[in-house]
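Data block below; observations after.
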Number of protein chains: 2
Amino acid sequence: MIGVIAVLKVAEGKNAEFEAIFTDLAKQVRANEPGNLAYQLTKSRTDPQTYKVLELYKDQDSLTAHGGTDYFKAAGAKMGPCMGGRPEIEYLDGV
Amino acid sequence: MIGVIAVLKVAEGKNAEFEAIFTDLAKQVRANEPGNLAYQLTKSRTDPQTYKVLELYKDQDSLTAHGGTDYFKAAGAKMGPCMGGRPEIEYLDGV
């Protein structure tokens, strides 16, 4: 099991557009990736421009496959103009 | 949907004991709480004393119920002597 916490900073005025792109991506991830066990977008309660994605994968192969999908790459390109900073991605080992 | 990221600092020499208590707790959470959607212990790749728990709940009622269970309270008491600092708990709103 591998966990991922992705911290995403969204530009002001871009929240709705970002959320629409990301929730569409999340639907595709959950529908198409048997090795993905959770892929949930959440929003900070203290900073309206900060989102955190909680992700769980069965193993490294599942995580690698996720990053290689066409829909993930397409969503990344669409989200680019919505972002207010570089994402911070932390990888964690399941216990 | 509510997300929780719990950052837990474990005292040196207490990792195995902590992991045993926590993974037993996680089994009880997943078996008994229909409103809990994920409860995964993970370990930092950069600091061997830092763990992060990725949690997802259907709603606030589910999260409140989780905190009120006897097994959660019992595990908290058992884990106490394993901890190397205060836990940091972040609550996040699902999008």
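Numbering starts fresh at 1 for the residues of each chain in the structure tokens, the chains themselves are lettered A, B, ... in the order given, and ligands are numbered from 1 as they appear.
Residues of chain A lying within 6 Å of chain B, counting only C-alpha atoms, are Leu41, Thr42, Lys43, Ser44, Leu92, Asp93, Gly94 and Val95 of chain A.
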Once chain B has been least-squares superposed onto chain A, matching all their Cα atoms in order, can you return it as a CSV table (one decimal) with N, CA and C atoms, in the first residue's frame?
chain,number,residue,atom,x,y,z
B,1,MET,N,0.9,-1.2,0.0
B,1,MET,CA,0.0,0.0,0.0
B,1,MET,C,0.9,1.2,0.0
B,2,ILE,N,0.5,2.2,-0.8
B,2,ILE,CA,1.2,3.5,-0.9
B,2,ILE,C,0.1,4.6,-0.7
B,3,GLY,N,0.5,5.6,0.2
B,3,GLY,CA,-0.4,6.7,0.4
B,3,GLY,C,0.2,7.9,-0.3
B,4,VAL,N,-0.6,8.8,-0.8
B,4,VAL,CA,-0.1,10.1,-1.3
B,4,VAL,C,-1.0,11.2,-0.8
B,5,ILE,N,-0.3,12.3,-0.3
B,5,ILE,CA,-1.0,13.5,0.0
B,5,ILE,C,-0.5,14.6,-0.9
B,6,ALA,N,-1.4,15.1,-1.8
B,6,ALA,CA,-1.0,16.1,-2.8
B,6,ALA,C,-1.6,17.4,-2.3
B,7,VAL,N,-0.7,18.4,-2.1
B,7,VAL,CA,-1.2,19.7,-1.7
B,7,VAL,C,-1.2,20.6,-2.9
B,8,LEU,N,-2.4,21.1,-3.2
B,8,LEU,CA,-2.5,21.9,-4.5
B,8,LEU,C,-3.0,23.3,-4.1
B,9,LYS,N,-2.3,24.3,-4.6
B,9,LYS,CA,-2.6,25.7,-4.4
B,9,LYS,C,-3.3,26.2,-5.7
B,10,VAL,N,-4.5,26.7,-5.5
B,10,VAL,CA,-5.3,27.2,-6.6
B,10,VAL,C,-5.3,28.7,-6.6
B,11,ALA,N,-5.2,29.3,-7.8
B,11,ALA,CA,-5.2,30.8,-8.0
B,11,ALA,C,-6.6,31.3,-7.6
B,12,GLU,N,-6.6,32.5,-7.0
B,12,GLU,CA,-7.9,33.1,-6.7
B,12,GLU,C,-8.8,33.3,-7.9
B,13,GLY,N,-10.1,33.0,-7.7
B,13,GLY,CA,-11.0,33.1,-8.8
B,13,GLY,C,-11.1,31.9,-9.7
B,14,LYS,N,-10.2,30.9,-9.4
B,14,LYS,CA,-10.2,29.7,-10.3
B,14,LYS,C,-10.7,28.5,-9.5
B,15,ASN,N,-11.3,28.6,-8.3
B,15,ASN,CA,-11.7,27.5,-7.5
B,15,ASN,C,-12.7,26.6,-8.3
B,16,ALA,N,-13.8,27.2,-8.8
B,16,ALA,CA,-14.8,26.5,-9.4
B,16,ALA,C,-14.3,25.7,-10.6
B,17,GLU,N,-13.5,26.3,-11.4
B,17,GLU,CA,-13.0,25.6,-12.6
B,17,GLU,C,-12.1,24.5,-12.2
B,18,PHE,N,-11.2,24.7,-11.2
B,18,PHE,CA,-10.3,23.7,-10.7
B,18,PHE,C,-11.1,22.5,-10.2
B,19,GLU,N,-12.1,22.8,-9.4
B,19,GLU,CA,-12.9,21.7,-8.8
B,19,GLU,C,-13.6,20.9,-9.8
B,20,ALA,N,-14.1,21.5,-10.9
B,20,ALA,CA,-14.8,20.8,-11.9
B,20,ALA,C,-13.9,19.9,-12.7
B,21,ILE,N,-12.7,20.4,-13.0
B,21,ILE,CA,-11.7,19.5,-13.7
B,21,ILE,C,-11.3,18.4,-12.8
B,22,PHE,N,-11.0,18.7,-11.5
B,22,PHE,CA,-10.5,17.6,-10.6
B,22,PHE,C,-11.5,16.5,-10.3
B,23,THR,N,-12.8,16.9,-10.1
B,23,THR,CA,-13.7,15.9,-9.7
B,23,THR,C,-14.0,15.0,-11.0
B,24,ASP,N,-13.9,15.6,-12.1
B,24,ASP,CA,-14.1,14.8,-13.3
B,24,ASP,C,-12.9,13.8,-13.4
B,25,LEU,N,-11.7,14.2,-13.2
B,25,LEU,CA,-10.5,13.3,-13.1
B,25,LEU,C,-10.7,12.2,-12.1
B,26,ALA,N,-11.2,12.6,-10.9
B,26,ALA,CA,-11.4,11.6,-9.8
B,26,ALA,C,-12.3,10.5,-10.2
B,27,LYS,N,-13.4,10.9,-10.9
B,27,LYS,CA,-14.4,9.9,-11.4
B,27,LYS,C,-13.7,8.9,-12.3
B,28,GLN,N,-12.8,9.4,-13.2
B,28,GLN,CA,-12.2,8.5,-14.2
B,28,GLN,C,-11.2,7.6,-13.4
B,29,VAL,N,-10.5,8.2,-12.5
B,29,VAL,CA,-9.5,7.3,-11.7
B,29,VAL,C,-10.2,6.2,-11.0
B,30,ARG,N,-11.3,6.5,-10.3
B,30,ARG,CA,-12.0,5.5,-9.5
B,30,ARG,C,-12.7,4.5,-10.4
B,31,ALA,N,-13.1,4.9,-11.6
B,31,ALA,CA,-13.8,4.0,-12.5
B,31,ALA,C,-12.8,3.0,-13.3
B,32,ASN,N,-11.5,3.5,-13.5
B,32,ASN,CA,-10.6,2.8,-14.4
B,32,ASN,C,-9.4,2.2,-13.7
B,33,GLU,N,-9.2,2.4,-12.5
B,33,GLU,CA,-7.9,1.9,-11.9
B,33,GLU,C,-8.2,1.0,-10.7
B,34,PRO,N,-8.2,-0.3,-10.9
B,34,PRO,CA,-8.4,-1.2,-9.8
B,34,PRO,C,-7.4,-1.1,-8.7
B,35,GLY,N,-6.2,-0.6,-9.0
B,35,GLY,CA,-5.1,-0.5,-8.0
B,35,GLY,C,-5.2,0.8,-7.2
B,36,ASN,N,-6.1,1.6,-7.6
B,36,ASN,CA,-6.4,2.9,-6.8
B,36,ASN,C,-7.5,2.6,-5.8
B,37,LEU,N,-7.2,2.9,-4.5
B,37,LEU,CA,-8.2,2.5,-3.5
B,37,LEU,C,-8.9,3.7,-2.9
B,38,ALA,N,-8.3,4.9,-3.1
B,38,ALA,CA,-9.0,6.2,-2.7
B,38,ALA,C,-8.4,7.3,-3.5
B,39,TYR,N,-9.2,8.3,-3.8
B,39,TYR,CA,-8.7,9.4,-4.6
B,39,TYR,C,-9.7,10.6,-4.3
B,40,GLN,N,-9.5,11.2,-3.2
B,40,GLN,CA,-10.5,12.1,-2.7
B,40,GLN,C,-9.9,13.6,-2.6
B,41,LEU,N,-10.5,14.5,-3.4
B,41,LEU,CA,-10.2,15.9,-3.3
B,41,LEU,C,-10.8,16.5,-2.0
B,42,THR,N,-10.0,17.2,-1.2
B,42,THR,CA,-10.5,17.9,0.0
B,42,THR,C,-10.0,19.3,0.0
B,43,LYS,N,-10.7,20.1,0.7
B,43,LYS,CA,-10.4,21.6,0.8
B,43,LYS,C,-10.0,21.9,2.2
B,44,SER,N,-9.0,22.7,2.3
B,44,SER,CA,-8.6,23.3,3.7
B,44,SER,C,-9.7,24.1,4.3
B,45,ARG,N,-9.8,24.0,5.6
B,45,ARG,CA,-10.8,24.8,6.3
B,45,ARG,C,-10.2,26.1,6.7
B,46,THR,N,-8.9,26.3,6.5
B,46,THR,CA,-8.3,27.6,7.0
B,46,THR,C,-7.8,28.4,5.8
B,47,ASP,N,-7.6,27.8,4.6
B,47,ASP,CA,-7.1,28.6,3.5
B,47,ASP,C,-7.9,28.2,2.2
B,48,PRO,N,-8.8,29.0,1.7
B,48,PRO,CA,-9.7,28.7,0.7
B,48,PRO,C,-9.0,28.3,-0.7
B,49,GLN,N,-7.7,28.7,-0.8
B,49,GLN,CA,-6.9,28.4,-2.0
B,49,GLN,C,-6.2,27.1,-1.9
B,50,THR,N,-6.2,26.4,-0.8
B,50,THR,CA,-5.5,25.2,-0.6
B,50,THR,C,-6.4,23.9,-0.6
B,51,TYR,N,-6.0,23.0,-1.4
B,51,TYR,CA,-6.7,21.7,-1.5
B,51,TYR,C,-5.7,20.6,-1.2
B,52,LYS,N,-6.2,19.5,-0.6
B,52,LYS,CA,-5.4,18.3,-0.4
B,52,LYS,C,-6.1,17.1,-1.0
B,53,VAL,N,-5.3,16.3,-1.8
B,53,VAL,CA,-5.8,15.1,-2.3
B,53,VAL,C,-5.3,13.9,-1.5
B,54,LEU,N,-6.2,13.1,-1.0
B,54,LEU,CA,-5.8,11.9,-0.2
B,54,LEU,C,-6.0,10.7,-1.2
B,55,GLU,N,-4.8,10.1,-1.4
B,55,GLU,CA,-4.8,9.0,-2.4
B,55,GLU,C,-4.2,7.7,-1.7
B,56,LEU,N,-4.8,6.6,-2.1
B,56,LEU,CA,-4.3,5.3,-1.7
B,56,LEU,C,-4.2,4.4,-2.9
B,57,TYR,N,-3.0,3.7,-3.0
B,57,TYR,CA,-2.8,2.7,-4.1
B,57,TYR,C,-2.3,1.4,-3.5
B,58,LYS,N,-2.7,0.3,-4.2
B,58,LYS,CA,-2.4,-1.0,-3.8
B,58,LYS,C,-0.9,-1.2,-3.7
B,59,ASP,N,-0.1,-0.7,-4.7
B,59,ASP,CA,1.3,-0.8,-4.8
B,59,ASP,C,1.9,0.2,-5.8
B,60,GLN,N,3.2,0.1,-5.9
B,60,GLN,CA,3.9,1.1,-6.8
B,60,GLN,C,3.5,1.0,-8.2
B,61,ASP,N,3.2,-0.2,-8.7
B,61,ASP,CA,2.8,-0.4,-10.1
B,61,ASP,C,1.5,0.4,-10.3
B,62,SER,N,0.6,0.3,-9.3
B,62,SER,CA,-0.7,1.0,-9.5
B,62,SER,C,-0.5,2.5,-9.5
B,63,LEU,N,0.4,3.0,-8.7
B,63,LEU,CA,0.7,4.4,-8.7
B,63,LEU,C,1.3,4.9,-10.0
B,64,THR,N,2.3,4.1,-10.5
B,64,THR,CA,2.9,4.4,-11.8
B,64,THR,C,1.9,4.4,-12.9
B,65,ALA,N,1.0,3.4,-12.9
B,65,ALA,CA,0.0,3.3,-13.9
B,65,ALA,C,-0.9,4.5,-13.9
B,66,HIS,N,-1.3,5.0,-12.7
B,66,HIS,CA,-2.1,6.2,-12.6
B,66,HIS,C,-1.5,7.4,-13.3
B,67,GLY,N,-0.2,7.6,-13.0
B,67,GLY,CA,0.4,8.8,-13.6
B,67,GLY,C,0.6,8.7,-15.1
B,68,GLY,N,0.5,7.5,-15.6
B,68,GLY,CA,0.7,7.3,-17.1
B,68,GLY,C,-0.6,7.3,-17.9
B,69,THR,N,-1.8,7.5,-17.2
B,69,THR,CA,-3.0,7.5,-18.0
B,69,THR,C,-3.2,8.8,-18.8
B,70,ASP,N,-3.9,8.6,-19.9
B,70,ASP,CA,-4.1,9.8,-20.8
B,70,ASP,C,-5.0,10.8,-20.1
B,71,TYR,N,-6.0,10.3,-19.3
B,71,TYR,CA,-6.9,11.3,-18.6
B,71,TYR,C,-6.2,12.1,-17.5
B,72,PHE,N,-5.2,11.4,-16.9
B,72,PHE,CA,-4.4,12.1,-15.8
B,72,PHE,C,-3.5,13.2,-16.5
B,73,LYS,N,-2.9,12.9,-17.6
B,73,LYS,CA,-2.1,13.9,-18.3
B,73,LYS,C,-2.9,15.0,-18.8
B,74,ALA,N,-4.1,14.7,-19.4
B,74,ALA,CA,-5.0,15.7,-19.9
B,74,ALA,C,-5.5,16.6,-18.8
B,75,ALA,N,-5.9,16.1,-17.7
B,75,ALA,CA,-6.4,16.9,-16.6
B,75,ALA,C,-5.2,17.8,-16.0
B,76,GLY,N,-4.0,17.3,-16.0
B,76,GLY,CA,-2.9,18.1,-15.5
B,76,GLY,C,-2.7,19.4,-16.4
B,77,ALA,N,-2.8,19.1,-17.7
B,77,ALA,CA,-2.7,20.3,-18.7
B,77,ALA,C,-3.8,21.3,-18.5
B,78,LYS,N,-5.1,20.7,-18.3
B,78,LYS,CA,-6.2,21.6,-18.1
B,78,LYS,C,-6.1,22.4,-16.8
B,79,MET,N,-5.6,21.8,-15.8
B,79,MET,CA,-5.5,22.4,-14.4
B,79,MET,C,-4.5,23.5,-14.4
B,80,GLY,N,-3.5,23.4,-15.2
B,80,GLY,CA,-2.3,24.3,-15.1
B,80,GLY,C,-2.7,25.7,-14.9
B,81,PRO,N,-3.5,26.3,-15.8
B,81,PRO,CA,-3.9,27.7,-15.7
B,81,PRO,C,-4.7,28.1,-14.4
B,82,CYS,N,-5.1,27.0,-13.7
B,82,CYS,CA,-5.9,27.3,-12.4
B,82,CYS,C,-5.0,27.4,-11.2
B,83,MET,N,-3.7,26.9,-11.3
B,83,MET,CA,-2.9,26.7,-10.2
B,83,MET,C,-2.2,28.1,-9.7
B,84,GLY,N,-2.1,28.2,-8.4
B,84,GLY,CA,-1.5,29.4,-7.8
B,84,GLY,C,-0.1,29.1,-7.3
B,85,GLY,N,0.5,27.9,-7.6
B,85,GLY,CA,1.8,27.6,-7.1
B,85,GLY,C,2.1,26.1,-7.5
B,86,ARG,N,3.3,25.7,-7.2
B,86,ARG,CA,3.7,24.3,-7.5
B,86,ARG,C,3.0,23.4,-6.5
B,87,PRO,N,2.6,22.2,-7.0
B,87,PRO,CA,2.0,21.2,-6.1
B,87,PRO,C,3.1,20.6,-5.2
B,88,GLU,N,2.8,20.2,-4.0
B,88,GLU,CA,3.7,19.5,-3.1
B,88,GLU,C,3.1,18.1,-3.0
B,89,ILE,N,3.9,17.1,-3.4
B,89,ILE,CA,3.4,15.7,-3.3
B,89,ILE,C,4.2,14.9,-2.3
B,90,GLU,N,3.5,14.3,-1.4
B,90,GLU,CA,4.3,13.4,-0.4
B,90,GLU,C,3.8,12.0,-0.6
B,91,TYR,N,4.8,11.1,-0.7
B,91,TYR,CA,4.6,9.7,-0.9
B,91,TYR,C,4.8,9.0,0.5
B,92,LEU,N,3.9,8.1,0.9
B,92,LEU,CA,4.0,7.5,2.2
B,92,LEU,C,3.8,6.0,2.1
B,93,ASP,N,4.5,5.3,2.9
B,93,ASP,CA,4.4,3.8,2.8
B,93,ASP,C,3.3,3.3,3.8
B,94,GLY,N,2.4,2.5,3.2
B,94,GLY,CA,1.3,1.9,4.1
B,94,GLY,C,1.9,1.0,5.1
B,95,VAL,N,1.3,1.0,6.3
B,95,VAL,CA,1.8,0.1,7.4
B,95,VAL,C,0.7,-1.0,7.6
**Request:** Select from range 13-95 of chain B everything DSSP, run on the backbone, classes as alpha helix (DSSP H), then give the selection as a PyMOL selection string.
**Result:** chain B and resi 15-32+60-67+70-79
**Item:** strand (DSSP E) positions in chain B, given as a PyMOL selection string
**Value:** chain B and resi 2-9+36-44+50-57+88-94
